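One structure is given here, and the rest of the page talks about it.
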Amino acid sequence: MTNLLVLREQMKKIYSRYEAYITPTLKFLLAFISLSMINNVIGYMSSLNNMAVVLILALMCSFLPMNLTIVISAVVTLAHLYAFSLECAVVALAIFLLLFILYFRFSPKDTIVVLLTPLCFGLKIPYVIPLAMGLVGTPVSAVSVACGVIVYYVITYMSKSAAALNAFDADGMVQKFRYIIDGVIGNREMMVTLVAFAATIIVVYFIRRLSVDYAWTIAMITGTLFNILCMLLGDLLYSTNVSVLGLIFGSIVSVFLVKVLQFFVFNVDYSRTEMVQFEDDEYYYYVKAVPKNTVAAPEKRVKTIRVPDKAVNHPRKDVRR
Amino acid sequence: MLNEERIKLMTKMASYEANEGKRNMAIGNYFRGDYISVQVIKSIIHATIAFFIVFALFVFYDLELLMADIYKMDLLDLGKTIIIYYLVFVVIYAVISYVVYAYRYAKARKSLKIYYNNLKKLAYLYDKESKRYE
């Protein structure tokens, strides 16, 4: 355990020193993985399904604000869908627009979840998302995660039903459109997952806020069990064909991952070096503020205070200072 | 003269100004009513756009049925229903955004109050120093 703590302190130190390089690298990786994954699943537009393009876009994302990564991913997705079928692109565009117009103007910080949720689905660890968001977010994050779930299932549905969509003749635009909408709305697996994730986030959030020891760990485990329960219940009610083994195994892996995240990321203050400049009448100040890294965990000390018997038996009434 | 305490305070404030303070100050420039009403109006516009998107999807979805029945339908009634849906949707969305932005305004004000207190403190430090050198 001590070694891990030391490792964490070292990580903090490295981060605060090289923050200027680490953050863009992480952003680059995120954009790169997401774009590659999009290309993998729905890479219909050959000009975009190209390593060089992905690299250039990811490099751009590493310098641009985080939310632009999402916009770029959305645009790439739409372009691929457009190359595949106009109807898919229209439906996806409508869904993206609705999400951005209605929800993400309230919480621009949460937008990243819409990218991370499909990403985790792709990596087969979707259960990380509700746990992690319950731990670091607020109950409102449930909406963000729900948006992410919708985006994932819509895109997967479109890529899965590619053969069926191609079977429609060229005139059947409205039929195609209806087919897509019916598929999206009638996707029970999506609904079950959506409800399960949203409920899990709320459960995790309220448990981790309790003032009991190990609230975070209890929240994680309860949340996972709750999530499994919801998914199984959904399977029972709507026969969504959830693979039970995958659910349980994925949940175990997710708990483990979230535990690691909690140790290294969530509770740790990765304060970074800040460069600020200001002036007064006499000087220009260029200040580089480097955070101090103090490890010293407070030791527990038990101090017994004994009240002498006399004081208890004969309280002095008029105490003057 | 350079004064360590003052520089620390200024650094803290400059960092606040550069990060979260930027947004809070933009909010703090408004009166409460103005800020909230501007945001709610924006919300209403957004909700209207969203409603049109959904409506367009709906129309396109039911295009064939609509085209076939368009002469049989009571258009006035349909229009009424649509307007009622629209109003319900917009009102709910506006109420939600009112609550959200009222909360945000209160939070920004609170945070700015601390900032203004720091400004006062800074002025006091300057004042004290200039008196010392007089």
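Each chain of the structure tokens is named A, B, ... in the order shown, its residues numbered from 1; ligands are numbered from 1 in display order.
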Practice item. Tell me the residues of chain B close to chain A, meaning within 6 Å using only C-alpha atoms, as a ChimeraX atom specification. Key: /B:46,50,61
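Residue neighbourhood of Gly137 in chain A, excluding near-sequence residues (fewer than 6 positions): Asp110, Ile201 and Tyr205 of chain A, at 9 Å, using only C-alpha atoms.
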Review point. Do you know which residues are at most 8 Å from range 111-117 of chain A counting only C-alpha atoms, after dropping those on the same chain fewer than 5 positions away, and could you put them as a PyMOL selection string?
Key: chain A and resi 34+66-67+70+104+126+129+144-145+147-149+151-152
Can I get the selected residues back with N, CA and C atoms, as a tab-separated table (two decimals), in the first residue's frame?
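Dumped to selection_19.tsv:
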```tsv
chain	number	residue	atom	x	y	z
A	34	SER	N	-11.13	7.32	-30.11
A	34	SER	CA	-12.54	7.45	-30.51
A	34	SER	C	-12.69	7.42	-32.02
A	66	MET	N	-11.68	20.59	-25.23
A	66	MET	CA	-12.22	19.24	-25.17
A	66	MET	C	-13.52	19.08	-25.96
A	67	ASN	N	-14.39	20.08	-25.85
A	67	ASN	CA	-15.70	19.92	-26.47
A	67	ASN	C	-15.62	19.83	-27.99
A	70	ILE	N	-15.54	16.34	-29.28
A	70	ILE	CA	-16.86	15.71	-29.43
A	70	ILE	C	-17.50	16.15	-30.72
A	104	PHE	N	-26.97	19.89	-23.61
A	104	PHE	CA	-25.58	20.24	-23.33
A	104	PHE	C	-25.32	21.73	-23.23
A	126	PRO	N	-18.68	-1.10	-20.37
A	126	PRO	CA	-19.61	0.01	-20.23
A	126	PRO	C	-19.99	0.30	-18.78
A	129	ILE	N	-18.83	3.39	-16.64
A	129	ILE	CA	-19.38	4.75	-16.77
A	129	ILE	C	-20.37	5.11	-15.67
A	144	SER	N	-26.56	12.85	-18.91
A	144	SER	CA	-25.44	12.80	-19.86
A	144	SER	C	-25.16	11.37	-20.27
A	145	VAL	N	-25.13	10.49	-19.27
A	145	VAL	CA	-24.84	9.08	-19.58
A	145	VAL	C	-25.96	8.52	-20.45
A	147	CYS	N	-27.66	10.10	-22.62
A	147	CYS	CA	-27.38	10.57	-23.98
A	147	CYS	C	-26.32	9.70	-24.64
A	148	GLY	N	-25.25	9.40	-23.87
A	148	GLY	CA	-24.18	8.56	-24.41
A	148	GLY	C	-24.70	7.19	-24.82
A	149	VAL	N	-25.56	6.62	-23.96
A	149	VAL	CA	-26.11	5.29	-24.26
A	149	VAL	C	-26.93	5.35	-25.55
A	151	VAL	N	-26.63	7.45	-28.04
A	151	VAL	CA	-25.73	7.60	-29.19
A	151	VAL	C	-25.13	6.26	-29.57
A	152	TYR	N	-24.66	5.52	-28.56
A	152	TYR	CA	-24.03	4.23	-28.85
A	152	TYR	C	-25.00	3.28	-29.54
```
Point to revise | For Ala94 in chain B: contacts at 10 Å, only C-alpha atoms, fewer than 4 positions along chain excluded, given as a list in words | key: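 Near neighbours after the sequence-gap exclusion: Ser37, Gln39, Val40, Ile41, Lys42, Ser43, Ile44, Ile45, His46, Ala47, Val88, Phe89, Val90, Tyr98, Val99 and Val100 of chain B.
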Check your understanding: To one decimal place, how far is CA of Val128 in chain A from CA of Ser254 in chain A in Å?
Key ->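 Answer for the CA of Val128 in chain A to CA of Ser254 in chain A separation: 4.8 Å.
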**Study point:** Distance query range 15-28 of chain B at most 9 Å, only C-alpha atoms, self and fewer than 2 positions along chain excluded, as an MDAnalysis selection string
**Key:** (chainID A and resid 274:277) or (chainID B and resid 10:13 30:32 35 104:105 107:109 111:112 115)
**Study point:** helix (DSSP H, G or I) call set, DSSP backbone run, range 9-233 of chain A, as an NGL selection string
**Key:** :A and (9-42 or 51-63 or 66-84 or 86-103 or 108-122 or 128-136 or 141-160 or 162-167 or 173-185 or 188-208 or 215-233)
Exercise for review: Just give me the gap between CA of Ile56 in chain A and CA of Ile22 in chain A in Å, one decimal is fine.
Suggested key: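 Between CA of Ile56 in chain A and CA of Ile22 in chain A the gap is 18.4 Å.
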**Study point:** From B:Leu119, B:Ile83, B:Ile36, B:Leu57, residue lying nearest Val95 in chain B [only C-alpha atoms]
**Key:**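 Checking each candidate against Val95 in chain B, we get B:Ile36 as the closest.
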Point to revise | Separation of CA of Glu189 in chain A from CA of Pro130 in chain A in Å | key: 16.3 Å
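Using only C-alpha atoms, the smallest distance between any of A:Asn3, A:Thr304, A:Thr156, A:Ser16 and Val184 in chain A comes from A:Thr156.
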